[in-house]
file input28.cif (mmCIF, C-alpha atoms)
data_query
#
loop_
_atom_site.group_PDB
_atom_site.id
_atom_site.type_symbol
_atom_site.label_atom_id
_atom_site.label_comp_id
_atom_site.auth_asym_id
_atom_site.auth_seq_id
_atom_site.Cartn_x
_atom_site.Cartn_y
_atom_site.Cartn_z
ATOM 1 C CA MET A 900 19.964 -7.511 -2.194
ATOM 2 C CA ILE A 901 17.862 -6.273 0.727
ATOM 3 C CA LEU A 902 15.617 -8.621 2.677
ATOM 4 C CA VAL A 903 12.325 -7.149 3.914
ATOM 5 C CA THR A 904 10.458 -9.297 6.411
ATOM 6 C CA GLY A 905 6.748 -8.570 6.360
ATOM 7 C CA GLY A 906 7.438 -7.381 2.828
ATOM 8 C CA ALA A 907 3.937 -8.174 1.571
ATOM 9 C CA GLY A 908 2.326 -6.292 4.450
ATOM 10 C CA PHE A 909 1.308 -2.664 4.665
ATOM 11 C CA ILE A 910 4.487 -0.736 5.445
ATOM 12 C CA GLY A 911 6.686 -3.526 4.091
ATOM 13 C CA SER A 912 5.124 -3.572 0.631
ATOM 14 C CA ASN A 913 5.468 0.194 0.348
ATOM 15 C CA LEU A 914 9.170 -0.152 1.167
ATOM 16 C CA VAL A 915 9.515 -2.976 -1.361
ATOM 17 C CA ALA A 916 7.914 -0.741 -3.999
ATOM 18 C CA ALA A 917 10.329 2.103 -3.255
ATOM 19 C CA LEU A 918 13.356 -0.187 -3.302
ATOM 20 C CA ALA A 919 12.258 -1.804 -6.570
ATOM 21 C CA GLU A 920 11.736 1.634 -8.099
ATOM 22 C CA ARG A 921 15.353 2.377 -7.196
ATOM 23 C CA GLY A 922 16.469 -0.721 -9.113
ATOM 24 C CA GLN A 923 17.359 -2.493 -5.864
ATOM 25 C CA ARG A 924 17.031 -6.268 -5.720
ATOM 26 C CA VAL A 925 14.607 -7.230 -2.954
ATOM 27 C CA ALA A 926 13.723 -10.475 -1.203
ATOM 28 C CA ILE A 927 10.571 -10.813 0.907
ATOM 29 C CA CYS A 928 9.892 -12.948 3.949
ATOM 30 C CA ASP A 929 6.151 -13.198 4.549
ATOM 31 C CA TRP A 930 3.056 -15.364 4.528
ATOM 32 C CA LEU A 931 0.701 -14.667 1.611
ATOM 33 C CA GLY A 932 -2.117 -17.045 2.532
ATOM 34 C CA GLU A 933 -5.323 -17.323 0.549
ATOM 35 C CA THR A 934 -6.192 -13.624 0.515
ATOM 36 C CA ASP A 935 -5.343 -10.890 -1.986
ATOM 37 C CA LYS A 936 -2.274 -9.879 0.023
ATOM 38 C CA TRP A 937 -0.147 -10.814 -3.002
ATOM 39 C CA ARG A 938 -1.570 -7.765 -4.771
ATOM 40 C CA ASN A 939 0.495 -5.553 -2.444
ATOM 41 C CA ILE A 940 3.643 -6.697 -4.260
ATOM 42 C CA ALA A 941 2.233 -7.585 -7.677
ATOM 43 C CA LYS A 942 3.618 -4.556 -9.526
ATOM 44 C CA HIS A 943 7.250 -5.046 -8.545
ATOM 45 C CA GLU A 944 10.064 -7.446 -9.266
ATOM 46 C CA VAL A 945 10.917 -9.575 -6.241
ATOM 47 C CA SER A 946 13.934 -11.885 -6.165
ATOM 48 C CA ALA A 947 12.604 -14.330 -3.561
ATOM 49 C CA ILE A 948 9.575 -14.932 -1.348
ATOM 50 C CA VAL A 949 10.645 -16.796 1.764
ATOM 51 C CA PRO A 950 8.089 -18.355 4.145
ATOM 52 C CA PRO A 951 8.824 -17.191 7.718
ATOM 53 C CA ASP A 952 9.310 -20.734 8.992
ATOM 54 C CA GLN A 953 12.136 -21.169 6.466
ATOM 55 C CA LEU A 954 13.810 -17.802 7.071
ATOM 56 C CA PHE A 955 16.888 -18.901 8.974
ATOM 57 C CA ALA A 956 17.476 -21.906 6.736
ATOM 58 C CA TRP A 957 17.363 -19.502 3.788
ATOM 59 C CA LEU A 958 19.753 -17.103 5.507
ATOM 60 C CA GLU A 959 22.187 -19.857 6.448
ATOM 61 C CA GLY A 960 22.014 -21.166 2.883
ATOM 62 C CA GLY A 961 24.070 -18.134 1.844
ATOM 63 C CA GLY A 962 24.620 -16.921 -1.668
ATOM 64 C CA HIS A 963 22.058 -14.136 -1.354
ATOM 65 C CA ASN A 964 24.583 -11.285 -1.245
ATOM 66 C CA LEU A 965 22.472 -9.376 1.257
ATOM 67 C CA SER A 966 23.382 -5.774 2.064
ATOM 68 C CA ALA A 967 20.780 -5.213 4.830
ATOM 69 C CA ILE A 968 17.709 -6.653 6.541
ATOM 70 C CA VAL A 969 14.624 -4.559 7.280
ATOM 71 C CA HIS A 970 12.520 -6.460 9.796
ATOM 72 C CA LEU A 971 8.890 -5.343 9.581
ATOM 73 C CA GLY A 972 7.222 -8.735 10.016
ATOM 74 C CA ALA A 973 5.247 -9.049 13.246
ATOM 75 C CA ILE A 974 1.942 -9.851 14.842
ATOM 76 C CA SER A 975 0.697 -6.288 14.690
ATOM 77 C CA ALA A 976 -2.881 -6.620 15.933
ATOM 78 C CA THR A 977 -3.351 -4.645 19.136
ATOM 79 C CA THR A 978 -6.165 -7.079 19.970
ATOM 80 C CA GLU A 979 -3.969 -10.209 19.913
ATOM 81 C CA ARG A 980 -4.434 -12.148 23.155
ATOM 82 C CA ASP A 981 -2.036 -15.066 22.638
ATOM 83 C CA GLY A 982 1.034 -14.062 24.642
ATOM 84 C CA ASP A 983 3.033 -17.069 23.455
ATOM 85 C CA ARG A 984 2.518 -16.111 19.812
ATOM 86 C CA LEU A 985 3.447 -12.509 20.563
ATOM 87 C CA ALA A 986 6.611 -13.557 22.395
ATOM 88 C CA ALA A 987 7.711 -16.003 19.711
ATOM 89 C CA THR A 988 7.055 -13.694 16.757
ATOM 90 C CA ASN A 989 7.733 -10.221 18.167
ATOM 91 C CA VAL A 990 10.534 -11.007 20.624
ATOM 92 C CA THR A 991 12.358 -14.296 20.028
ATOM 93 C CA LEU A 992 12.461 -14.031 16.234
ATOM 94 C CA PRO A 993 13.923 -10.483 16.105
ATOM 95 C CA GLN A 994 16.438 -11.526 18.790
ATOM 96 C CA ARG A 995 17.627 -14.281 16.457
ATOM 97 C CA LEU A 996 17.762 -11.839 13.551
ATOM 98 C CA TRP A 997 19.765 -9.349 15.631
ATOM 99 C CA ARG A 998 22.342 -12.008 16.501
ATOM 100 C CA TRP A 999 22.463 -13.250 12.920
ATOM 101 C CA CYS A 1000 23.043 -9.742 11.566
ATOM 102 C CA ALA A 1001 25.695 -9.088 14.222
ATOM 103 C CA ALA A 1002 27.569 -12.231 13.195
ATOM 104 C CA ALA A 1003 27.145 -11.541 9.468
ATOM 105 C CA GLY A 1004 28.042 -7.837 9.729
ATOM 106 C CA LEU A 1005 24.735 -6.728 8.191
ATOM 107 C CA PRO A 1006 22.661 -3.640 9.063
ATOM 108 C CA LEU A 1007 19.319 -4.337 10.752
ATOM 109 C CA ILE A 1008 16.426 -1.882 10.696
ATOM 110 C CA TYR A 1009 13.401 -3.061 12.650
ATOM 111 C CA ALA A 1010 9.889 -1.905 13.438
ATOM 112 C CA SER A 1011 9.114 -0.977 17.001
ATOM 113 C CA SER A 1012 5.849 0.843 17.697
ATOM 114 C CA ALA A 1013 4.327 3.888 19.324
ATOM 115 C CA ALA A 1014 2.225 1.365 21.245
ATOM 116 C CA THR A 1015 5.272 0.965 23.511
ATOM 117 C CA TYR A 1016 4.436 4.368 25.057
ATOM 118 C CA GLY A 1017 1.222 3.114 26.615
ATOM 119 C CA ASP A 1018 -1.072 5.908 27.771
ATOM 120 C CA GLY A 1019 1.585 8.535 27.093
ATOM 121 C CA SER A 1020 1.894 9.546 30.736
ATOM 122 C CA GLN A 1021 5.671 9.087 30.488
ATOM 123 C CA GLY A 1022 5.858 11.206 27.332
ATOM 124 C CA PHE A 1023 6.812 10.231 23.807
ATOM 125 C CA GLU A 1024 10.578 10.716 23.901
ATOM 126 C CA ASP A 1025 12.445 8.102 21.844
ATOM 127 C CA GLU A 1026 15.194 7.702 24.406
ATOM 128 C CA GLY A 1027 16.754 4.259 24.143
ATOM 129 C CA SER A 1028 18.453 3.927 27.514
ATOM 130 C CA ILE A 1029 17.642 1.071 29.880
ATOM 131 C CA ALA A 1030 16.300 3.499 32.489
ATOM 132 C CA ALA A 1031 14.098 5.454 30.060
ATOM 133 C CA LEU A 1032 12.581 2.313 28.556
ATOM 134 C CA ALA A 1033 11.894 0.872 32.017
ATOM 135 C CA ARG A 1034 9.484 3.748 32.713
ATOM 136 C CA LEU A 1035 7.124 2.896 29.846
ATOM 137 C CA ARG A 1036 3.967 0.844 30.418
ATOM 138 C CA PRO A 1037 2.363 -0.473 27.208
ATOM 139 C CA LEU A 1038 -1.391 -1.042 27.350
ATOM 140 C CA ASN A 1039 -1.685 -4.234 25.277
ATOM 141 C CA GLY A 1040 0.209 -7.400 24.428
ATOM 142 C CA TYR A 1041 1.373 -6.093 21.087
ATOM 143 C CA GLY A 1042 2.884 -2.962 22.638
ATOM 144 C CA TRP A 1043 4.434 -5.050 25.420
ATOM 145 C CA SER A 1044 6.099 -7.437 22.953
ATOM 146 C CA LYS A 1045 7.584 -4.587 20.905
ATOM 147 C CA HIS A 1046 8.734 -2.869 24.080
ATOM 148 C CA LEU A 1047 10.340 -6.048 25.385
ATOM 149 C CA PHE A 1048 12.517 -6.286 22.292
ATOM 150 C CA ASP A 1049 13.506 -2.601 22.566
ATOM 151 C CA ARG A 1050 14.550 -3.257 26.166
ATOM 152 C CA TRP A 1051 16.504 -6.353 25.147
ATOM 153 C CA VAL A 1052 18.398 -4.315 22.528
ATOM 154 C CA ALA A 1053 19.243 -1.662 25.117
ATOM 155 C CA ARG A 1054 20.592 -4.317 27.468
ATOM 156 C CA GLU A 1055 22.627 -6.011 24.723
ATOM 157 C CA LEU A 1056 24.246 -2.705 23.803
ATOM 158 C CA ALA A 1057 24.896 -1.684 27.410
ATOM 159 C CA GLU A 1058 26.611 -4.986 28.155
ATOM 160 C CA GLY A 1059 28.791 -4.795 25.063
ATOM 161 C CA HIS A 1060 27.419 -7.837 23.274
ATOM 162 C CA PRO A 1061 27.880 -8.105 19.488
ATOM 163 C CA ALA A 1062 25.542 -5.834 17.527
ATOM 164 C CA PRO A 1063 24.842 -5.223 13.851
ATOM 165 C CA PRO A 1064 27.154 -2.563 12.342
ATOM 166 C CA GLN A 1065 24.062 -0.382 11.902
ATOM 167 C CA TRP A 1066 20.798 -0.832 13.765
ATOM 168 C CA ALA A 1067 17.663 1.270 13.994
ATOM 169 C CA GLY A 1068 14.422 0.672 15.834
ATOM 170 C CA LEU A 1069 11.518 2.673 14.437
ATOM 171 C CA LYS A 1070 8.568 3.608 16.628
ATOM 172 C CA PHE A 1071 5.870 4.045 13.986
ATOM 173 C CA PHE A 1072 2.870 6.131 15.020
ATOM 174 C CA ASN A 1073 -0.559 6.062 13.287
ATOM 175 C CA VAL A 1074 0.398 5.076 9.757
ATOM 176 C CA TYR A 1075 -2.056 5.267 6.851
ATOM 177 C CA GLY A 1076 -1.730 4.838 3.098
ATOM 178 C CA PRO A 1077 -1.971 2.353 0.218
ATOM 179 C CA ASN A 1078 -1.767 -1.441 0.585
ATOM 180 C CA GLU A 1079 -3.580 -1.872 3.878
ATOM 181 C CA HIS A 1080 -6.757 -3.556 2.603
ATOM 182 C CA HIS A 1081 -5.684 -6.926 4.028
ATOM 183 C CA LYS A 1082 -5.472 -5.601 7.598
ATOM 184 C CA GLY A 1083 -9.150 -6.137 8.445
ATOM 185 C CA GLY A 1084 -10.085 -4.449 11.707
ATOM 186 C CA MET A 1085 -6.580 -2.995 11.968
ATOM 187 C CA ARG A 1086 -7.077 -0.825 8.863
ATOM 188 C CA SER A 1087 -6.297 2.834 9.408
ATOM 189 C CA VAL A 1088 -9.137 5.178 10.306
ATOM 190 C CA ALA A 1089 -8.388 7.026 7.056
ATOM 191 C CA LEU A 1090 -9.220 3.912 5.016
ATOM 192 C CA GLN A 1091 -12.264 3.117 7.137
ATOM 193 C CA LEU A 1092 -13.551 6.653 6.627
ATOM 194 C CA PHE A 1093 -13.007 6.380 2.867
ATOM 195 C CA GLU A 1094 -15.110 3.223 2.853
ATOM 196 C CA GLN A 1095 -17.884 4.912 4.848
ATOM 197 C CA LEU A 1096 -17.921 8.023 2.692
ATOM 198 C CA SER A 1097 -17.770 6.044 -0.561
ATOM 199 C CA ALA A 1098 -20.896 4.200 0.557
ATOM 200 C CA GLY A 1099 -22.658 7.536 1.038
ATOM 201 C CA GLN A 1100 -22.569 7.301 4.810
ATOM 202 C CA PRO A 1101 -21.544 9.987 7.286
ATOM 203 C CA ALA A 1102 -18.181 9.719 8.990
ATOM 204 C CA THR A 1103 -18.517 7.818 12.264
ATOM 205 C CA LEU A 1104 -16.063 8.602 15.065
ATOM 206 C CA PHE A 1105 -15.842 7.738 18.747
ATOM 207 C CA ALA A 1106 -17.368 10.221 21.149
ATOM 208 C CA SER A 1107 -15.176 11.564 23.912
ATOM 209 C CA HIS A 1108 -15.610 10.268 27.438
ATOM 210 C CA ARG A 1109 -13.382 12.914 28.988
ATOM 211 C CA PRO A 1110 -14.497 16.494 29.675
ATOM 212 C CA ASP A 1111 -11.179 17.945 28.451
ATOM 213 C CA TYR A 1112 -11.640 16.543 24.918
ATOM 214 C CA PRO A 1113 -14.596 17.271 22.631
ATOM 215 C CA ASP A 1114 -16.171 14.514 20.556
ATOM 216 C CA GLY A 1115 -13.736 13.722 17.768
ATOM 217 C CA GLY A 1116 -11.083 15.797 19.505
ATOM 218 C CA GLN A 1117 -8.974 12.807 20.501
ATOM 219 C CA LEU A 1118 -5.503 13.393 19.093
ATOM 220 C CA ARG A 1119 -3.171 11.143 17.133
ATOM 221 C CA ASP A 1120 0.095 11.541 15.258
ATOM 222 C CA PHE A 1121 -1.108 10.471 11.807
ATOM 223 C CA VAL A 1122 1.828 9.702 9.501
ATOM 224 C CA TYR A 1123 1.603 8.953 5.789
ATOM 225 C CA VAL A 1124 3.271 5.673 4.874
ATOM 226 C CA GLY A 1125 5.441 7.417 2.286
ATOM 227 C CA ASP A 1126 7.129 9.286 5.134
ATOM 228 C CA CYS A 1127 7.879 5.996 6.909
ATOM 229 C CA VAL A 1128 9.441 4.657 3.724
ATOM 230 C CA ALA A 1129 11.492 7.831 3.291
ATOM 231 C CA VAL A 1130 12.962 7.396 6.785
ATOM 232 C CA MET A 1131 13.923 3.774 6.072
ATOM 233 C CA LEU A 1132 15.530 4.659 2.739
ATOM 234 C CA TRP A 1133 17.466 7.451 4.435
ATOM 235 C CA LEU A 1134 18.745 5.047 7.068
ATOM 236 C CA LEU A 1135 19.832 2.568 4.409
ATOM 237 C CA ASP A 1136 21.688 5.407 2.680
ATOM 238 C CA ASN A 1137 23.313 6.534 5.947
ATOM 239 C CA PRO A 1138 24.864 3.450 7.549
ATOM 240 C CA ALA A 1139 26.621 5.493 10.255
ATOM 241 C CA VAL A 1140 23.260 6.315 11.880
ATOM 242 C CA SER A 1141 21.959 3.953 14.562
ATOM 243 C CA GLY A 1142 19.425 4.340 17.350
ATOM 244 C CA LEU A 1143 15.818 4.164 18.454
ATOM 245 C CA PHE A 1144 13.709 6.736 16.601
ATOM 246 C CA ASN A 1145 10.116 7.935 16.538
ATOM 247 C CA VAL A 1146 8.594 7.950 13.054
ATOM 248 C CA GLY A 1147 5.628 10.286 12.949
ATOM 249 C CA SER A 1148 4.603 13.676 11.656
ATOM 250 C CA GLY A 1149 5.596 15.339 14.921
ATOM 251 C CA LYS A 1150 2.197 17.036 15.069
ATOM 252 C CA ALA A 1151 -0.870 15.587 16.790
ATOM 253 C CA ARG A 1152 -4.140 16.086 14.904
ATOM 254 C CA SER A 1153 -7.693 15.234 15.895
ATOM 255 C CA PHE A 1154 -9.868 12.507 14.428
ATOM 256 C CA ALA A 1155 -12.269 15.278 13.451
ATOM 257 C CA ASP A 1156 -9.417 16.886 11.455
ATOM 258 C CA LEU A 1157 -8.865 13.555 9.738
ATOM 259 C CA ALA A 1158 -12.550 13.212 8.880
ATOM 260 C CA ARG A 1159 -12.679 16.766 7.477
ATOM 261 C CA ALA A 1160 -9.594 16.013 5.359
ATOM 262 C CA CYS A 1161 -11.354 12.923 3.995
ATOM 263 C CA PHE A 1162 -14.478 14.893 3.082
ATOM 264 C CA ALA A 1163 -12.337 17.586 1.446
ATOM 265 C CA ALA A 1164 -10.442 14.991 -0.610
ATOM 266 C CA LEU A 1165 -13.778 13.725 -1.931
ATOM 267 C CA ASN A 1166 -15.130 17.280 -2.392
ATOM 268 C CA ARG A 1167 -18.022 16.643 -0.012
ATOM 269 C CA PRO A 1168 -19.348 18.714 2.899
ATOM 270 C CA ALA A 1169 -18.425 17.291 6.273
ATOM 271 C CA ASP A 1170 -21.036 15.121 8.007
ATOM 272 C CA ILE A 1171 -19.626 13.595 11.198
ATOM 273 C CA ARG A 1172 -21.548 11.452 13.671
ATOM 274 C CA PHE A 1173 -20.313 10.157 17.015
ATOM 275 C CA VAL A 1174 -20.825 6.812 18.728
ATOM 276 C CA PRO A 1175 -19.797 5.728 22.241
ATOM 277 C CA THR A 1176 -16.334 4.215 22.550
ATOM 278 C CA PRO A 1177 -16.829 0.464 23.162
ATOM 279 C CA GLU A 1178 -16.657 -0.312 26.867
ATOM 280 C CA ALA A 1179 -14.132 -3.100 26.228
ATOM 281 C CA ILE A 1180 -11.497 -0.530 25.230
ATOM 282 C CA ARG A 1181 -12.812 2.611 26.910
ATOM 283 C CA GLU A 1182 -10.599 2.440 29.995
ATOM 284 C CA ARG A 1183 -7.433 1.911 27.932
ATOM 285 C CA TYR A 1184 -8.284 4.288 25.111
ATOM 286 C CA GLN A 1185 -5.571 6.831 24.305
ATOM 287 C CA TYR A 1186 -6.587 10.465 23.944
ATOM 288 C CA PHE A 1187 -3.244 11.857 22.820
ATOM 289 C CA THR A 1188 -0.192 10.631 20.903
ATOM 290 C CA GLU A 1189 2.495 12.771 19.320
ATOM 291 C CA GLY A 1190 5.879 11.545 18.183
ATOM 292 C CA ARG A 1191 8.791 13.769 19.123
ATOM 293 C CA ILE A 1192 11.023 13.642 16.031
ATOM 294 C CA GLU A 1193 13.844 15.935 17.181
ATOM 295 C CA LYS A 1194 16.168 12.957 17.620
ATOM 296 C CA LEU A 1195 15.650 11.901 14.005
ATOM 297 C CA ARG A 1196 16.219 15.484 12.842
ATOM 298 C CA ALA A 1197 19.396 15.727 14.922
ATOM 299 C CA ALA A 1198 20.662 12.576 13.224
ATOM 300 C CA GLY A 1199 20.401 14.384 9.882
ATOM 301 C CA TYR A 1200 16.994 13.445 8.479
ATOM 302 C CA ALA A 1201 15.646 16.646 6.923
ATOM 303 C CA ARG A 1202 12.657 15.718 4.739
ATOM 304 C CA PRO A 1203 9.513 17.643 5.818
ATOM 305 C CA ALA A 1204 6.604 15.564 7.099
ATOM 306 C CA THR A 1205 3.579 15.212 4.836
ATOM 307 C CA THR A 1206 0.639 17.186 6.193
ATOM 308 C CA LEU A 1207 -2.519 15.288 7.084
ATOM 309 C CA GLU A 1208 -4.460 17.038 4.320
ATOM 310 C CA ASP A 1209 -1.830 16.303 1.666
ATOM 311 C CA GLY A 1210 -1.418 12.710 2.791
ATOM 312 C CA VAL A 1211 -5.140 11.985 2.674
ATOM 313 C CA MET A 1212 -5.448 13.660 -0.726
ATOM 314 C CA THR A 1213 -2.594 11.544 -2.112
ATOM 315 C CA PHE A 1214 -3.948 8.343 -0.558
ATOM 316 C CA PHE A 1215 -7.430 8.881 -1.958
ATOM 317 C CA HIS A 1216 -6.678 10.283 -5.412
ATOM 318 C CA ASP A 1217 -3.499 8.397 -6.326
ATOM 319 C CA PHE A 1218 -4.660 5.051 -4.971
ATOM 320 C CA LEU A 1219 -8.144 4.477 -3.536
ATOM 321 C CA LEU A 1220 -9.984 6.241 -6.373
ATOM 322 C CA GLN A 1221 -7.956 4.469 -9.049
ATOM 323 C CA PRO A 1222 -9.054 1.218 -10.777
ATOM 324 C CA ASP A 1223 -6.014 -0.453 -9.194
ATOM 325 C CA PRO A 1224 -5.605 0.967 -5.662
ATOM 326 C CA TYR A 1225 -2.333 -0.817 -4.885
ATOM 327 C CA ARG A 1226 1.111 0.716 -4.915
#

call {"tool": "encode", "arguments": {"input": "input28.cif", "output": "structure tokens"}}
result
Amino acid sequence: MILVTGGAGFIGSNLVAALAERGQRVAICDWLGETDKWRNIAKHEVSAIVPPDQLFAWLEGGGHNLSAIVHLGAISATTERDGDRLAATNVTLPQRLWRWCAAAGLPLIYASSAATYGDGSQGFEDEGSIAALARLRPLNGYGWSKHLFDRWVARELAEGHPAPPQWAGLKFFNVYGPNEHHKGGMRSVALQLFEQLSAGQPATLFASHRPDYPDGGQLRDFVYVGDCVAVMLWLLDNPAVSGLFNVGSGKARSFADLARACFAALNRPADIRFVPTPEAIRERYQYFTEGRIEKLRAAGYARPATTLEDGVMTFFHDFLLQPDPYR
């Protein structure tokens, strides 16, 4: 059985779906709350749903016959201001999981984030050394907390402390796809554009406040969630591979490209309007992200990345335009 923390969340529920489709037994650690988040996992058989505050008691209880843990649970809002919550959930908890997996001899795959790269001035190389990580300057508490755990892992490895037999930290870039309705303001721009266009509105994007980028020309590495799942499945199938890896398309595309792909998927002519970037985030707004994926390729991962146009078409037609939009 594989345990997926955050298994009812966006990326986690897509992984749970893929594992269940393989016939793999899956346990989930997550909060469901009083929302429709349960719908993310409603189509698939799940062996256990463990509340996060009972996780380690459940693990110590034994008898689960776990083969790996995929740790995707986190406070993922880039707007989170509570540093104590971020430290407890995004740093201390994965540290405990790392040590538990090391002692139990279980692989641990965990979610890092492209937010660890900050403004990108130090590049987007997924080098996991202590020195390389020390150069990065995340722009928000979420990115800082993910980066702090990456740095802790690097130090643990350098000092020869016990480690899981396989470990992989995944720096996810701008992920979009099914099962993200519960994310509120953190929904992908692709989903927000679908909602705008479905309501008959034009696509609304941030204007540029830099002369070297046109309006809508801000660039992101948009990655379809199915590609993220494919990387995790490949890692589970290749236990000799460990390391810190970028997970993106490897190709930066503009928000205007994304909007045009959304209009094309709905067979509508493009109608894009621009609004000023809110002053609260304007100074820290990123204009370029692009995940270098050569390290992942060198490790043996060969599946081609889904193009932005194909990913949006799949997202819209296979999910959002269906009576049941969940995977």

call {"tool": "closest_residue", "arguments": {"input": "input28.cif", "among": "A:Leu1096, A:Pro1138, A:Ala976, A:Leu1056", "to": "Leu1005 of chain A", "atoms": "only C-alpha atoms"}}
result
A:Pro1138

call {"tool": "resolve_selection", "arguments": {"input": "input28.cif", "expression": "the PyMOL selection byres ((chain A and resi 1105) around 8)", "output": "list in words"}}
result
Thr1103, Leu1104, Ala1106, Ser1107, Asp1114, Gly1115, Phe1173, Val1174, Pro1175 and Thr1176 of chain A

call {"tool": "atom_distance", "arguments": {"input": "input28.cif", "atom1": "atom CA of Ala926 of chain A", "atom2": "atom CA of Gly908 of chain A"}}
result
13.4 Å

call {"tool": "residues_near_point", "arguments": {"input": "input28.cif", "point": "(17.2, 15.4, 18.8)", "cutoff": "12 Å", "atoms": "all atoms listed in the file", "output": "PDB file with C-alpha atoms, in the coordinates of the input"}}
result
ATOM      1  CA  GLU A1024      10.578  10.716  23.901  1.00  0.00           C
ATOM      2  CA  ASP A1025      12.445   8.102  21.844  1.00  0.00           C
ATOM      3  CA  GLU A1026      15.194   7.702  24.406  1.00  0.00           C
ATOM      4  CA  GLY A1142      19.425   4.340  17.350  1.00  0.00           C
ATOM      5  CA  LEU A1143      15.818   4.164  18.454  1.00  0.00           C
ATOM      6  CA  PHE A1144      13.709   6.736  16.601  1.00  0.00           C
ATOM      7  CA  ASN A1145      10.116   7.935  16.538  1.00  0.00           C
ATOM      8  CA  GLY A1190       5.879  11.545  18.183  1.00  0.00           C
ATOM      9  CA  ARG A1191       8.791  13.769  19.123  1.00  0.00           C
ATOM     10  CA  ILE A1192      11.023  13.642  16.031  1.00  0.00           C
ATOM     11  CA  GLU A1193      13.844  15.935  17.181  1.00  0.00           C
ATOM     12  CA  LYS A1194      16.168  12.957  17.620  1.00  0.00           C
ATOM     13  CA  LEU A1195      15.650  11.901  14.005  1.00  0.00           C
ATOM     14  CA  ARG A1196      16.219  15.484  12.842  1.00  0.00           C
ATOM     15  CA  ALA A1197      19.396  15.727  14.922  1.00  0.00           C
ATOM     16  CA  ALA A1198      20.662  12.576  13.224  1.00  0.00           C
ATOM     17  CA  GLY A1199      20.401  14.384   9.882  1.00  0.00           C
ATOM     18  CA  TYR A1200      16.994  13.445   8.479  1.00  0.00           C
TER      19      TYR A1200
END

call {"tool": "closest_residue", "arguments": {"input": "input28.cif", "among": "A:Trp1066, A:Phe1154, A:Trp1133, A:Trp937", "to": "Ser1087 of chain A", "atoms": "all atoms listed in the file"}}
result
A:Phe1154

call {"tool": "residues_around", "arguments": {"input": "input28.cif", "residues": "Ala987 of chain A", "least_positions_apart": "3", "cutoff": "12 Å", "atoms": "all atoms listed in the file", "output": "list in words"}}
result
Asp952, Ala973, Ile974, Asp981, Gly982, Asp983, Arg984, Val990, Thr991, Leu992, Pro993, Gln994, Arg995, Tyr1041, Ser1044, Lys1045, Leu1047 and Phe1048 of chain A

call {"tool": "resolve_selection", "arguments": {"input": "input28.cif", "expression": "the PyMOL selection byres ((chain A and resi 1068-1072) around 10)", "output": "VMD selection string"}}
result
chain A and resid 910 970 to 971 1007 to 1016 1023 1025 1027 1045 to 1046 1048 to 1049 1052 1066 to 1067 1073 to 1075 1119 to 1124 1127 1130 to 1131 1141 to 1149 1188 to 1190

call {"tool": "closest_residue", "arguments": {"input": "input28.cif", "among": "A:Gly1125, A:Pro1006, A:Gly1017, A:Gly1059", "to": "Ser966 of chain A", "atoms": "all atoms listed in the file"}}
result
A:Pro1006

call {"tool": "closest_residue", "arguments": {"input": "input28.cif", "among": "A:Ala907, A:Ala1179, A:Ile968, A:Ala917", "to": "His1081 of chain A", "atoms": "all atoms listed in the file"}}
result
A:Ala907

call {"tool": "atom_distance", "arguments": {"input": "input28.cif", "atom1": "atom CA of Leu1032 of chain A", "atom2": "atom CA of Trp1051 of chain A"}}
result
10.1 Å

call {"tool": "closest_residue", "arguments": {"input": "input28.cif", "among": "A:Thr904, A:Gln953, A:Thr1205, A:Ser975", "to": "Gly1083 of chain A", "atoms": "only C-alpha atoms"}}
result
A:Ser975

call {"tool": "decode", "arguments": {"input": "input28.cif", "residues": "segment 908-921 of chain A", "atoms": "C-alpha atoms", "output": "short mmCIF file (atom, residue, chain, number, x, y, z; two decimals), in the first residue's frame"}}
result
data_model
loop_
_atom_site.label_atom_id
_atom_site.label_comp_id
_atom_site.auth_asym_id
_atom_site.auth_seq_id
_atom_site.Cartn_x
_atom_site.Cartn_y
_atom_site.Cartn_z
CA GLY A 908 -5.94 17.72 -2.73
CA PHE A 909 -5.21 18.76 -6.29
CA ILE A 910 -2.03 16.93 -7.27
CA GLY A 911 -2.54 14.29 -4.59
CA SER A 912 -5.97 13.20 -5.80
CA ASN A 913 -4.70 12.89 -9.36
CA LEU A 914 -1.92 10.62 -8.09
CA VAL A 915 -4.43 8.60 -6.06
CA ALA A 916 -6.54 8.17 -9.20
CA ALA A 917 -3.56 6.93 -11.21
CA LEU A 918 -2.46 4.53 -8.48
CA ALA A 919 -6.00 3.17 -8.07
CA GLU A 920 -6.25 2.69 -11.83
CA ARG A 921 -3.10 0.57 -11.58
#
